[in-house]
Amino acid sequence: MKAETIWQNLEKVRKKAPLVHNITNYVVMNSTANALLAIGASPVMAHAIEEVSDMTKLAQALVINIGTLSEKWIEAMNIAMKAAKEKGIPIIFDPVGAGATNYRTKTSLEIIHNFQPEIIRGNASEIRALINSDAKTKGVDSIHNSDFALTSAQEMAEKNDCVVVVSGEVDIITNYQRTLYVKNGHHWLPKITGSGCTSTALVAAFCAVNSNFLQAAANAMSVMGVSGEIAAKISQGPASLQMNLIDTFFDLTKAKIQEYLR
Amino acid sequence: MKAETIWQNLEKVRKKAPLVHNITNYVVMNSTANALLAIGASPVMAHAIEEVSDMTKLAQALVINIGTLSEKWIEAMNIAMKAAKEKGIPIIFDPVGAGATNYRTKTSLEIIHNFQPEIIRGNASEIRALINSDAKTKGVDSIHNSDFALTSAQEMAEKNDCVVVVSGEVDIITNYQRTLYVKNGHHWLPKITGSGCTSTALVAAFCAVNSNFLQAAANAMSVMGVSGEIAAKISQGPASLQMNLIDTFFDLTKAKIQEYLR
Amino acid sequence: MKAETIWQNLEKVRKKAPLVHNITNYVVMNSTANALLAIGASPVMAHAIEEVSDMTKLAQALVINIGTLSEKWIEAMNIAMKAAKEKGIPIIFDPVGAGATNYRTKTSLEIIHNFQPEIIRGNASEIRALINSDAKTKGVDSIHNSDFALTSAQEMAEKNDCVVVVSGEVDIITNYQRTLYVKNGHHWLPKITGSGCTSTALVAAFCAVNSNFLQAAANAMSVMGVSGEIAAKISQGPASLQMNLIDTFFDLTKAKIQEYLR
């Protein structure tokens, strides 16, 4: 990862203020919107079947996040994804909790099959649960194995011809042919609810203005990791970290990225 | 605007702790409730068609905000507005995103036509989109034109016989016959998601205890602007501003209003 | 209350990281999830009828909170509570606003009658509203009467054979036979929206790893009260208190509990 590349993508987000349409979960709507505003994007949340298509057609990226899914919302997601495909804007899919219940796994697989999201971001076990290969599905312990995360990400990327982002101590960003790694981050970040959803939203903002989705996703994850480290220095716990993280997005400079990027 | 008038209205909110019933969007529910509590009001959120009427009848003001609208919620809004009219409490309407999709514009127009809200609060382009005159609808650029905001606000107020609040660098509060201006505020406020919705909620709290809705709305917008400036002095970005804003609502004094009011 | 007992329960939460399934209101989902993460538990929110049963069966405790209820959600709550009973995990019920509308009172009574939650947590007037005895129902003023709170809690506990937690200046935790009191807390806590819901969530986390529900609930309320006092010392109002409260949950030590417990 190069600071210059990350910085250029961030500057473009700030300059173009892309509209990011989020159909996401109730838990994180507020923090997702604040993160997008702070990074320079323009967030909108809309889920009514009467308007999702219109809203998606105004947007430069579409986030689909199944954190608190239900039938009506899946219906809206499908309409929005159809509109995104027609308009040619990227779909960023976050399969929250895939593998935890059949409903989430099944819904995720249908979304991937029917709409081929350009980017999928999850953790290792979510991604693993979506690779339809029982033989290779491992237990919970193997989540902490970084080989497992890499193999899962690459397999998913190859199978679905998309960019896959697996968050973890080291973030993996791959389109199968090429794999990037982001080593920044802080161990308190997973203690903030929806920090993964925030990463997904940042990826959407960066992809909205950069058609090299592999690089854009890696740039966004770098901004998340670097900002997390900067914010942690002045935080007392996860709640102050969440506040300081948003503030850091807001005034992140090229110099700071250069200083912190690993 | 006079500090004394603002202060008296604020004191009355704190003393009477009016119940403000909010049918609002998922994104801002938490921050809206916290803002209302901090200012001294008593917030309640309820949207089930089985209970909205009962809840509205306990309240002293009703907020209708279409930020994440859907059919079921519109149905509930209609029942609640009917109850508000029967009880004679003010309806404060926030047409979030009117003009962005037909669904929002249409729903907003129906709400205004069917229930004549006492106060409508939005930004210039939302208000403009609701004035049914294609000839006068201007492009996005004209939003930054303050004449445009004033004309739109006055036209809307005259047409619907209500108080219209247009947020902007200078807030405009008008009932057509008379127009008030609030010059306080901070340029980071629009970077907090739902800061407009917070303004709407404050307007509701102030109107709940002051039947001069024009003055009450201006008082509320002044408290928002003054508090935003006070909070910004000790903030590092939009997230700390949001926190400090709520804390400022909580202990705002007459002296502080006098010091900061422009 | 003994610091040692509270501490052991807290350590067990941190060690086991129990999954707490929350079917709760939109207003507090974010703050509830952050509180559970900070205390060491693992929160999940899910409400689709297609998956609630599966999710509850993965969990160690189920929170049912009617803060923004509607028909679909009640249906999901019923399925989840049935699953909780089958698995034998505790149901922690928060009857938000019972007594305010018939819908909430009726729904609460049905939940209690049909599923017998192991723990019910509310304020004095909510609990009072659920005791089906018109003769004893008092006006709003009597809420401040501590005898009233105690009588209501004990009556409810006896009638439903459960643990009842009544939050107030002094928290009352009773299973009728035995009553515990928590005297810690801070008068700003009720100024944070959903601070009661946070208490409910903590009670769930503590009960998830401690089958003595009376003691576990009292331990959780002590952690809430002690943390509130610690956090208030470095806070300027309710918003900074909310942030500092979560941070305090995150690094609460045995020494701090010993120092602050009354």
# chains A, B, ... in the order shown; residues from 1 in each chain; ligands from 1
$ residues_around --residues "Gln60 in chain A" --least-positions-apart "3" --cutoff "6 Å" --atoms "only C-alpha atoms" --output "VMD selection string"
chain A and resid 18 to 19 89 208
$ select_by_dssp --residues "range 39-237 of chain B" --states "strand (DSSP E)" --output "PyMOL selection string"
chain B and resi 42-45+61-65+91-94+119-123+163-167+171-174+179-182
$ write_last_selection --atoms "N, CA and C atoms" --output "PDB file, in the first residue's frame"
ATOM      1  N   SER B  42     -39.488  15.427  26.983  1.00  0.00           N
ATOM      2  CA  SER B  42     -39.646  14.000  27.226  1.00  0.00           C
ATOM      3  C   SER B  42     -39.995  13.333  25.895  1.00  0.00           C
ATOM      4  N   PRO B  43     -39.045  12.627  25.277  1.00  0.00           N
ATOM      5  CA  PRO B  43     -39.298  12.056  23.946  1.00  0.00           C
ATOM      6  C   PRO B  43     -39.990  10.706  24.021  1.00  0.00           C
ATOM      7  N   VAL B  44     -40.831  10.413  23.041  1.00  0.00           N
ATOM      8  CA  VAL B  44     -41.307   9.043  22.890  1.00  0.00           C
ATOM      9  C   VAL B  44     -41.366   8.715  21.400  1.00  0.00           C
ATOM     10  N   MET B  45     -40.973   7.498  21.061  1.00  0.00           N
ATOM     11  CA  MET B  45     -41.048   6.998  19.701  1.00  0.00           C
ATOM     12  C   MET B  45     -42.060   5.858  19.688  1.00  0.00           C
ATOM     13  N   ALA B  61     -46.728  17.635  21.459  1.00  0.00           N
ATOM     14  CA  ALA B  61     -46.315  17.972  20.086  1.00  0.00           C
ATOM     15  C   ALA B  61     -46.032  16.670  19.340  1.00  0.00           C
ATOM     16  N   LEU B  62     -46.207  16.720  18.012  1.00  0.00           N
ATOM     17  CA  LEU B  62     -45.983  15.526  17.183  1.00  0.00           C
ATOM     18  C   LEU B  62     -44.978  15.855  16.078  1.00  0.00           C
ATOM     19  N   VAL B  63     -43.900  15.083  16.020  1.00  0.00           N
ATOM     20  CA  VAL B  63     -42.914  15.228  14.948  1.00  0.00           C
ATOM     21  C   VAL B  63     -43.159  14.153  13.893  1.00  0.00           C
ATOM     22  N   ILE B  64     -43.296  14.571  12.648  1.00  0.00           N
ATOM     23  CA  ILE B  64     -43.413  13.646  11.528  1.00  0.00           C
ATOM     24  C   ILE B  64     -42.202  13.873  10.618  1.00  0.00           C
ATOM     25  N   ASN B  65     -41.374  12.840  10.481  1.00  0.00           N
ATOM     26  CA  ASN B  65     -40.111  12.944   9.742  1.00  0.00           C
ATOM     27  C   ASN B  65     -40.029  11.748   8.798  1.00  0.00           C
ATOM     28  N   ILE B  91     -48.274  19.878  14.813  1.00  0.00           N
ATOM     29  CA  ILE B  91     -47.532  18.890  14.012  1.00  0.00           C
ATOM     30  C   ILE B  91     -46.326  19.601  13.429  1.00  0.00           C
ATOM     31  N   ILE B  92     -45.144  19.028  13.655  1.00  0.00           N
ATOM     32  CA  ILE B  92     -43.919  19.588  13.090  1.00  0.00           C
ATOM     33  C   ILE B  92     -43.437  18.593  12.041  1.00  0.00           C
ATOM     34  N   PHE B  93     -43.426  19.035  10.786  1.00  0.00           N
ATOM     35  CA  PHE B  93     -43.165  18.116   9.680  1.00  0.00           C
ATOM     36  C   PHE B  93     -41.784  18.368   9.071  1.00  0.00           C
ATOM     37  N   ASP B  94     -41.012  17.300   8.920  1.00  0.00           N
ATOM     38  CA  ASP B  94     -39.673  17.388   8.334  1.00  0.00           C
ATOM     39  C   ASP B  94     -39.656  16.544   7.058  1.00  0.00           C
ATOM     40  N   ILE B 119     -45.973  23.527  11.524  1.00  0.00           N
ATOM     41  CA  ILE B 119     -44.597  23.950  11.212  1.00  0.00           C
ATOM     42  C   ILE B 119     -43.991  22.945  10.230  1.00  0.00           C
ATOM     43  N   ILE B 120     -43.320  23.479   9.206  1.00  0.00           N
ATOM     44  CA  ILE B 120     -42.565  22.629   8.273  1.00  0.00           C
ATOM     45  C   ILE B 120     -41.106  23.083   8.340  1.00  0.00           C
ATOM     46  N   ARG B 121     -40.180  22.138   8.602  1.00  0.00           N
ATOM     47  CA  ARG B 121     -38.760  22.491   8.639  1.00  0.00           C
ATOM     48  C   ARG B 121     -37.969  21.661   7.650  1.00  0.00           C
ATOM     49  N   GLY B 122     -37.211  22.293   6.789  1.00  0.00           N
ATOM     50  CA  GLY B 122     -36.397  21.576   5.821  1.00  0.00           C
ATOM     51  C   GLY B 122     -35.269  22.452   5.331  1.00  0.00           C
ATOM     52  N   ASN B 123     -34.527  21.963   4.322  1.00  0.00           N
ATOM     53  CA  ASN B 123     -33.550  22.858   3.705  1.00  0.00           C
ATOM     54  C   ASN B 123     -34.189  23.466   2.448  1.00  0.00           C
ATOM     55  N   VAL B 163     -46.014  27.923   9.627  1.00  0.00           N
ATOM     56  CA  VAL B 163     -44.664  28.434   9.849  1.00  0.00           C
ATOM     57  C   VAL B 163     -43.696  27.550   9.072  1.00  0.00           C
ATOM     58  N   VAL B 164     -42.799  28.167   8.315  1.00  0.00           N
ATOM     59  CA  VAL B 164     -41.792  27.410   7.581  1.00  0.00           C
ATOM     60  C   VAL B 164     -40.406  27.790   8.099  1.00  0.00           C
ATOM     61  N   VAL B 165     -39.613  26.771   8.390  1.00  0.00           N
ATOM     62  CA  VAL B 165     -38.236  26.983   8.837  1.00  0.00           C
ATOM     63  C   VAL B 165     -37.313  26.412   7.773  1.00  0.00           C
ATOM     64  N   VAL B 166     -36.480  27.271   7.198  1.00  0.00           N
ATOM     65  CA  VAL B 166     -35.490  26.795   6.237  1.00  0.00           C
ATOM     66  C   VAL B 166     -34.113  26.932   6.866  1.00  0.00           C
ATOM     67  N   SER B 167     -33.468  25.785   7.098  1.00  0.00           N
ATOM     68  CA  SER B 167     -32.136  25.771   7.696  1.00  0.00           C
ATOM     69  C   SER B 167     -31.104  26.128   6.638  1.00  0.00           C
ATOM     70  N   ASP B 171     -30.637  30.799   9.176  1.00  0.00           N
ATOM     71  CA  ASP B 171     -31.933  30.109   9.208  1.00  0.00           C
ATOM     72  C   ASP B 171     -33.046  31.130   8.999  1.00  0.00           C
ATOM     73  N   ILE B 172     -34.040  30.728   8.206  1.00  0.00           N
ATOM     74  CA  ILE B 172     -35.186  31.586   7.934  1.00  0.00           C
ATOM     75  C   ILE B 172     -36.411  30.978   8.595  1.00  0.00           C
ATOM     76  N   ILE B 173     -37.119  31.776   9.379  1.00  0.00           N
ATOM     77  CA  ILE B 173     -38.334  31.305  10.038  1.00  0.00           C
ATOM     78  C   ILE B 173     -39.428  32.295   9.659  1.00  0.00           C
ATOM     79  N   THR B 174     -40.448  31.811   8.955  1.00  0.00           N
ATOM     80  CA  THR B 174     -41.451  32.747   8.442  1.00  0.00           C
ATOM     81  C   THR B 174     -42.868  32.175   8.500  1.00  0.00           C
ATOM     82  N   THR B 179     -41.016  37.518   9.124  1.00  0.00           N
ATOM     83  CA  THR B 179     -39.881  36.616   8.920  1.00  0.00           C
ATOM     84  C   THR B 179     -38.791  36.905   9.938  1.00  0.00           C
ATOM     85  N   LEU B 180     -38.300  35.844  10.598  1.00  0.00           N
ATOM     86  CA  LEU B 180     -37.215  35.978  11.567  1.00  0.00           C
ATOM     87  C   LEU B 180     -35.973  35.270  11.020  1.00  0.00           C
ATOM     88  N   TYR B 181     -34.809  35.720  11.450  1.00  0.00           N
ATOM     89  CA  TYR B 181     -33.555  35.143  10.977  1.00  0.00           C
ATOM     90  C   TYR B 181     -32.695  34.712  12.154  1.00  0.00           C
ATOM     91  N   VAL B 182     -32.073  33.551  12.022  1.00  0.00           N
ATOM     92  CA  VAL B 182     -31.129  33.108  13.049  1.00  0.00           C
ATOM     93  C   VAL B 182     -29.765  32.967  12.397  1.00  0.00           C
TER      94      VAL B 182
END
$ residues_around --residues "His113 in chain C" --least-positions-apart "3" --cutoff "12 Å" --atoms "only C-alpha atoms" --output "PDB file with all heavy atoms, in the first residue's frame"
ATOM      1  N   ASN C  78     -42.509 -13.723  20.011  1.00  0.00           N
ATOM      2  CA  ASN C  78     -43.157 -14.949  20.469  1.00  0.00           C
ATOM      3  C   ASN C  78     -42.391 -16.193  20.023  1.00  0.00           C
ATOM      4  O   ASN C  78     -42.189 -17.126  20.796  1.00  0.00           O
ATOM      5  CB  ASN C  78     -44.607 -15.007  19.963  1.00  0.00           C
ATOM      6  CG  ASN C  78     -45.495 -14.015  20.686  1.00  0.00           C
ATOM      7  OD1 ASN C  78     -45.172 -13.565  21.798  1.00  0.00           O
ATOM      8  ND2 ASN C  78     -46.613 -13.655  20.074  1.00  0.00           N
ATOM      9  N   MET C  81     -39.163 -16.344  22.074  1.00  0.00           N
ATOM     10  CA  MET C  81     -39.373 -16.758  23.463  1.00  0.00           C
ATOM     11  C   MET C  81     -39.680 -18.243  23.561  1.00  0.00           C
ATOM     12  O   MET C  81     -39.239 -18.915  24.494  1.00  0.00           O
ATOM     13  CB  MET C  81     -40.486 -15.908  24.092  1.00  0.00           C
ATOM     14  CG  MET C  81     -40.007 -14.495  24.413  1.00  0.00           C
ATOM     15  SD  MET C  81     -41.217 -13.513  25.348  1.00  0.00           S
ATOM     16  CE  MET C  81     -42.402 -13.117  24.063  1.00  0.00           C
ATOM     17  N   LYS C 106     -51.249  -4.440  27.185  1.00  0.00           N
ATOM     18  CA  LYS C 106     -51.816  -5.724  26.746  1.00  0.00           C
ATOM     19  C   LYS C 106     -50.713  -6.663  26.239  1.00  0.00           C
ATOM     20  O   LYS C 106     -50.668  -7.847  26.598  1.00  0.00           O
ATOM     21  CB  LYS C 106     -52.828  -5.440  25.619  1.00  0.00           C
ATOM     22  CG  LYS C 106     -53.658  -6.606  25.145  1.00  0.00           C
ATOM     23  CD  LYS C 106     -54.656  -6.123  24.099  1.00  0.00           C
ATOM     24  CE  LYS C 106     -54.549  -6.727  22.721  1.00  0.00           C
ATOM     25  NZ  LYS C 106     -53.358  -6.941  21.994  1.00  0.00           N
ATOM     26  N   THR C 107     -49.826  -6.136  25.404  1.00  0.00           N
ATOM     27  CA  THR C 107     -48.738  -6.962  24.876  1.00  0.00           C
ATOM     28  C   THR C 107     -47.850  -7.485  26.004  1.00  0.00           C
ATOM     29  O   THR C 107     -47.460  -8.655  26.028  1.00  0.00           O
ATOM     30  CB  THR C 107     -47.890  -6.147  23.877  1.00  0.00           C
ATOM     31  OG1 THR C 107     -48.742  -5.665  22.844  1.00  0.00           O
ATOM     32  CG2 THR C 107     -46.781  -6.988  23.279  1.00  0.00           C
ATOM     33  N   SER C 108     -47.552  -6.614  26.946  1.00  0.00           N
ATOM     34  CA  SER C 108     -46.702  -7.018  28.076  1.00  0.00           C
ATOM     35  C   SER C 108     -47.354  -8.125  28.886  1.00  0.00           C
ATOM     36  O   SER C 108     -46.701  -9.109  29.263  1.00  0.00           O
ATOM     37  CB  SER C 108     -46.429  -5.810  28.983  1.00  0.00           C
ATOM     38  OG  SER C 108     -45.693  -4.827  28.304  1.00  0.00           O
ATOM     39  N   LEU C 109     -48.634  -7.966  29.151  1.00  0.00           N
ATOM     40  CA  LEU C 109     -49.335  -8.977  29.945  1.00  0.00           C
ATOM     41  C   LEU C 109     -49.378 -10.317  29.224  1.00  0.00           C
ATOM     42  O   LEU C 109     -49.218 -11.375  29.845  1.00  0.00           O
ATOM     43  CB  LEU C 109     -50.758  -8.492  30.274  1.00  0.00           C
ATOM     44  CG  LEU C 109     -50.822  -7.337  31.282  1.00  0.00           C
ATOM     45  CD1 LEU C 109     -52.250  -6.811  31.414  1.00  0.00           C
ATOM     46  CD2 LEU C 109     -50.280  -7.771  32.653  1.00  0.00           C
ATOM     47  N   GLU C 110     -49.557 -10.268  27.904  1.00  0.00           N
ATOM     48  CA  GLU C 110     -49.561 -11.516  27.125  1.00  0.00           C
ATOM     49  C   GLU C 110     -48.189 -12.193  27.156  1.00  0.00           C
ATOM     50  O   GLU C 110     -48.082 -13.403  27.283  1.00  0.00           O
ATOM     51  CB  GLU C 110     -49.984 -11.232  25.679  1.00  0.00           C
ATOM     52  CG  GLU C 110     -51.490 -10.988  25.558  1.00  0.00           C
ATOM     53  CD  GLU C 110     -51.903 -10.465  24.189  1.00  0.00           C
ATOM     54  OE1 GLU C 110     -51.036 -10.353  23.293  1.00  0.00           O
ATOM     55  OE2 GLU C 110     -53.102 -10.155  24.023  1.00  0.00           O
ATOM     56  N   GLN C 116     -43.707 -16.424  30.683  1.00  0.00           N
ATOM     57  CA  GLN C 116     -43.104 -16.300  32.018  1.00  0.00           C
ATOM     58  C   GLN C 116     -41.614 -15.955  31.985  1.00  0.00           C
ATOM     59  O   GLN C 116     -40.764 -16.795  32.289  1.00  0.00           O
ATOM     60  CB  GLN C 116     -43.302 -17.614  32.784  1.00  0.00           C
ATOM     61  CG  GLN C 116     -44.780 -17.867  33.103  1.00  0.00           C
ATOM     62  CD  GLN C 116     -44.948 -19.100  33.965  1.00  0.00           C
ATOM     63  OE1 GLN C 116     -44.926 -20.216  33.447  1.00  0.00           O
ATOM     64  NE2 GLN C 116     -45.088 -18.894  35.267  1.00  0.00           N
ATOM     65  N   PRO C 117     -41.287 -14.746  31.634  1.00  0.00           N
ATOM     66  CA  PRO C 117     -39.877 -14.348  31.607  1.00  0.00           C
ATOM     67  C   PRO C 117     -39.221 -14.566  32.975  1.00  0.00           C
ATOM     68  O   PRO C 117     -39.866 -14.384  34.008  1.00  0.00           O
ATOM     69  CB  PRO C 117     -39.936 -12.846  31.294  1.00  0.00           C
ATOM     70  CG  PRO C 117     -41.273 -12.618  30.669  1.00  0.00           C
ATOM     71  CD  PRO C 117     -42.187 -13.630  31.280  1.00  0.00           C
ATOM     72  N   GLU C 118     -37.983 -14.972  32.967  1.00  0.00           N
ATOM     73  CA  GLU C 118     -37.269 -15.204  34.214  1.00  0.00           C
ATOM     74  C   GLU C 118     -36.996 -13.892  34.947  1.00  0.00           C
ATOM     75  O   GLU C 118     -36.960 -13.861  36.183  1.00  0.00           O
ATOM     76  CB  GLU C 118     -35.933 -15.921  33.928  1.00  0.00           C
ATOM     77  CG  GLU C 118     -36.091 -17.418  33.741  1.00  0.00           C
ATOM     78  CD  GLU C 118     -36.794 -17.790  32.438  1.00  0.00           C
ATOM     79  OE1 GLU C 118     -36.887 -16.950  31.518  1.00  0.00           O
ATOM     80  OE2 GLU C 118     -37.259 -18.940  32.322  1.00  0.00           O
ATOM     81  N   LEU C 130     -48.598  -3.255  35.228  1.00  0.00           N
ATOM     82  CA  LEU C 130     -48.738  -4.663  34.836  1.00  0.00           C
ATOM     83  C   LEU C 130     -49.326  -5.530  35.942  1.00  0.00           C
ATOM     84  O   LEU C 130     -49.540  -6.732  35.757  1.00  0.00           O
ATOM     85  CB  LEU C 130     -47.382  -5.214  34.392  1.00  0.00           C
ATOM     86  CG  LEU C 130     -46.819  -4.518  33.155  1.00  0.00           C
ATOM     87  CD1 LEU C 130     -45.456  -5.074  32.811  1.00  0.00           C
ATOM     88  CD2 LEU C 130     -47.770  -4.649  31.980  1.00  0.00           C
ATOM     89  N   ILE C 131     -49.537  -4.926  37.111  1.00  0.00           N
ATOM     90  CA  ILE C 131     -50.210  -5.673  38.178  1.00  0.00           C
ATOM     91  C   ILE C 131     -51.692  -5.409  38.019  1.00  0.00           C
ATOM     92  O   ILE C 131     -52.151  -4.286  38.138  1.00  0.00           O
ATOM     93  CB  ILE C 131     -49.713  -5.217  39.557  1.00  0.00           C
ATOM     94  CG1 ILE C 131     -48.204  -5.469  39.652  1.00  0.00           C
ATOM     95  CG2 ILE C 131     -50.470  -5.943  40.652  1.00  0.00           C
ATOM     96  CD1 ILE C 131     -47.585  -4.926  40.897  1.00  0.00           C
ATOM     97  N   ASN C 132     -52.389  -6.446  37.722  1.00  0.00           N
ATOM     98  CA  ASN C 132     -53.787  -6.295  37.307  1.00  0.00           C
ATOM     99  C   ASN C 132     -54.701  -6.013  38.493  1.00  0.00           C
ATOM    100  O   ASN C 132     -55.568  -6.792  38.851  1.00  0.00           O
ATOM    101  CB  ASN C 132     -54.228  -7.565  36.583  1.00  0.00           C
ATOM    102  CG  ASN C 132     -55.503  -7.338  35.810  1.00  0.00           C
ATOM    103  OD1 ASN C 132     -55.969  -6.203  35.694  1.00  0.00           O
ATOM    104  ND2 ASN C 132     -56.064  -8.415  35.287  1.00  0.00           N
ATOM    105  N   LYS C 159     -46.453 -12.881  42.029  1.00  0.00           N
ATOM    106  CA  LYS C 159     -47.510 -13.277  41.111  1.00  0.00           C
ATOM    107  C   LYS C 159     -46.980 -14.099  39.932  1.00  0.00           C
ATOM    108  O   LYS C 159     -47.625 -15.020  39.460  1.00  0.00           O
ATOM    109  CB  LYS C 159     -48.195 -12.004  40.582  1.00  0.00           C
ATOM    110  CG  LYS C 159     -49.491 -12.263  39.882  1.00  0.00           C
ATOM    111  CD  LYS C 159     -50.198 -10.969  39.523  1.00  0.00           C
ATOM    112  CE  LYS C 159     -51.334 -11.266  38.556  1.00  0.00           C
ATOM    113  NZ  LYS C 159     -51.961 -10.049  38.059  1.00  0.00           N
ATOM    114  N   ASN C 160     -45.792 -13.719  39.440  1.00  0.00           N
ATOM    115  CA  ASN C 160     -45.279 -14.359  38.230  1.00  0.00           C
ATOM    116  C   ASN C 160     -44.082 -15.276  38.472  1.00  0.00           C
ATOM    117  O   ASN C 160     -43.470 -15.755  37.536  1.00  0.00           O
ATOM    118  CB  ASN C 160     -44.920 -13.285  37.195  1.00  0.00           C
ATOM    119  CG  ASN C 160     -46.128 -12.469  36.798  1.00  0.00           C
ATOM    120  OD1 ASN C 160     -47.034 -12.972  36.152  1.00  0.00           O
ATOM    121  ND2 ASN C 160     -46.178 -11.217  37.255  1.00  0.00           N
ATOM    122  N   ASP C 161     -43.746 -15.449  39.735  1.00  0.00           N
ATOM    123  CA  ASP C 161     -42.643 -16.336  40.100  1.00  0.00           C
ATOM    124  C   ASP C 161     -41.381 -16.009  39.281  1.00  0.00           C
ATOM    125  O   ASP C 161     -40.843 -16.863  38.572  1.00  0.00           O
ATOM    126  CB  ASP C 161     -43.067 -17.796  39.869  1.00  0.00           C
ATOM    127  CG  ASP C 161     -42.071 -18.744  40.507  1.00  0.00           C
ATOM    128  OD1 ASP C 161     -41.309 -18.306  41.392  1.00  0.00           O
ATOM    129  OD2 ASP C 161     -42.035 -19.923  40.091  1.00  0.00           O
ATOM    130  N   CYS C 162     -40.978 -14.774  39.361  1.00  0.00           N
ATOM    131  CA  CYS C 162     -39.806 -14.357  38.590  1.00  0.00           C
ATOM    132  C   CYS C 162     -39.000 -13.341  39.388  1.00  0.00           C
ATOM    133  O   CYS C 162     -39.383 -12.958  40.490  1.00  0.00           O
ATOM    134  CB  CYS C 162     -40.244 -13.739  37.268  1.00  0.00           C
ATOM    135  SG  CYS C 162     -41.167 -12.207  37.452  1.00  0.00           S
TER     136      CYS C 162
END
$ interface_residues --of "chain A" --to "chain C" --cutoff "6 Å" --atoms "only C-alpha atoms" --output "list of chain:residue names"
A:Val27, A:Thr68, A:Ser70, A:Tyr103, A:Lys191, A:Thr193, A:Gly237, A:Ala239
$ closest_residue --among "B:Ala218, B:Ile234, B:Leu150, B:Ala204" --to "Ser125 in chain B" --atoms "only C-alpha atoms"
B:Leu150
$ atom_distance --atom1 "CA of Gly196 in chain A" --atom2 "CA of Ala41 in chain C"
17.5 Å
$ residues_around --residues "Ala217 in chain B" --least-positions-apart "6" --cutoff "7 Å" --atoms "only C-alpha atoms" --output "VMD selection string"
chain B and resid 203 206 to 207
$ select_by_dssp --residues "range 151-205 of chain A" --states "alpha helix (DSSP H)" --output "list in words"
Thr151, Ser152, Ala153, Gln154, Glu155, Met156, Ala157, Glu158, Lys159, Asn160, Ser195, Gly196, Cys197, Thr198, Ser199, Thr200, Ala201, Leu202, Val203, Ala204 and Ala205 of chain A
$ write_last_selection --atoms "N, CA and C atoms" --output "short mmCIF file (atom, residue, chain, number, x, y, z; two decimals), in the first residue's frame"
data_model
loop_
_atom_site.label_atom_id
_atom_site.label_comp_id
_atom_site.auth_asym_id
_atom_site.auth_seq_id
_atom_site.Cartn_x
_atom_site.Cartn_y
_atom_site.Cartn_z
N THR A 151 -7.22 -18.23 2.06
CA THR A 151 -7.79 -19.23 1.15
C THR A 151 -9.27 -18.96 0.88
N SER A 152 -9.99 -18.63 1.95
CA SER A 152 -11.42 -18.34 1.80
C SER A 152 -11.66 -17.15 0.89
N ALA A 153 -10.90 -16.09 1.12
CA ALA A 153 -11.06 -14.87 0.34
C ALA A 153 -10.78 -15.13 -1.14
N GLN A 154 -9.69 -15.80 -1.40
CA GLN A 154 -9.31 -16.05 -2.80
C GLN A 154 -10.31 -16.96 -3.50
N GLU A 155 -10.76 -17.98 -2.77
CA GLU A 155 -11.73 -18.91 -3.35
C GLU A 155 -13.02 -18.18 -3.71
N MET A 156 -13.47 -17.33 -2.78
CA MET A 156 -14.68 -16.55 -2.99
C MET A 156 -14.51 -15.59 -4.18
N ALA A 157 -13.37 -14.92 -4.26
CA ALA A 157 -13.12 -13.96 -5.34
C ALA A 157 -13.08 -14.65 -6.70
N GLU A 158 -12.44 -15.80 -6.74
CA GLU A 158 -12.35 -16.53 -8.00
C GLU A 158 -13.73 -17.00 -8.46
N LYS A 159 -14.42 -17.60 -7.50
CA LYS A 159 -15.73 -18.19 -7.81
C LYS A 159 -16.72 -17.15 -8.32
N ASN A 160 -16.68 -15.96 -7.73
CA ASN A 160 -17.71 -14.96 -8.05
C ASN A 160 -17.18 -13.79 -8.87
N SER A 195 -18.25 -1.73 13.49
CA SER A 195 -17.01 -1.22 12.90
C SER A 195 -16.77 -1.90 11.56
N GLY A 196 -17.20 -3.14 11.43
CA GLY A 196 -17.12 -3.80 10.13
C GLY A 196 -18.02 -3.12 9.10
N CYS A 197 -19.21 -2.74 9.55
CA CYS A 197 -20.15 -2.04 8.65
C CYS A 197 -19.59 -0.69 8.23
N THR A 198 -18.87 -0.04 9.13
CA THR A 198 -18.22 1.22 8.78
C THR A 198 -17.17 0.98 7.69
N SER A 199 -16.39 -0.09 7.83
CA SER A 199 -15.41 -0.44 6.79
C SER A 199 -16.11 -0.63 5.45
N THR A 200 -17.21 -1.34 5.46
CA THR A 200 -17.97 -1.59 4.24
C THR A 200 -18.41 -0.26 3.60
N ALA A 201 -18.88 0.64 4.43
CA ALA A 201 -19.34 1.94 3.92
C ALA A 201 -18.18 2.74 3.33
N LEU A 202 -17.04 2.71 4.00
CA LEU A 202 -15.87 3.41 3.45
C LEU A 202 -15.46 2.80 2.11
N VAL A 203 -15.46 1.48 2.04
CA VAL A 203 -15.13 0.81 0.77
C VAL A 203 -16.07 1.32 -0.33
N ALA A 204 -17.33 1.45 -0.01
CA ALA A 204 -18.31 1.94 -1.00
C ALA A 204 -17.96 3.36 -1.45
N ALA A 205 -17.64 4.22 -0.49
CA ALA A 205 -17.30 5.61 -0.84
C ALA A 205 -16.07 5.66 -1.75
#
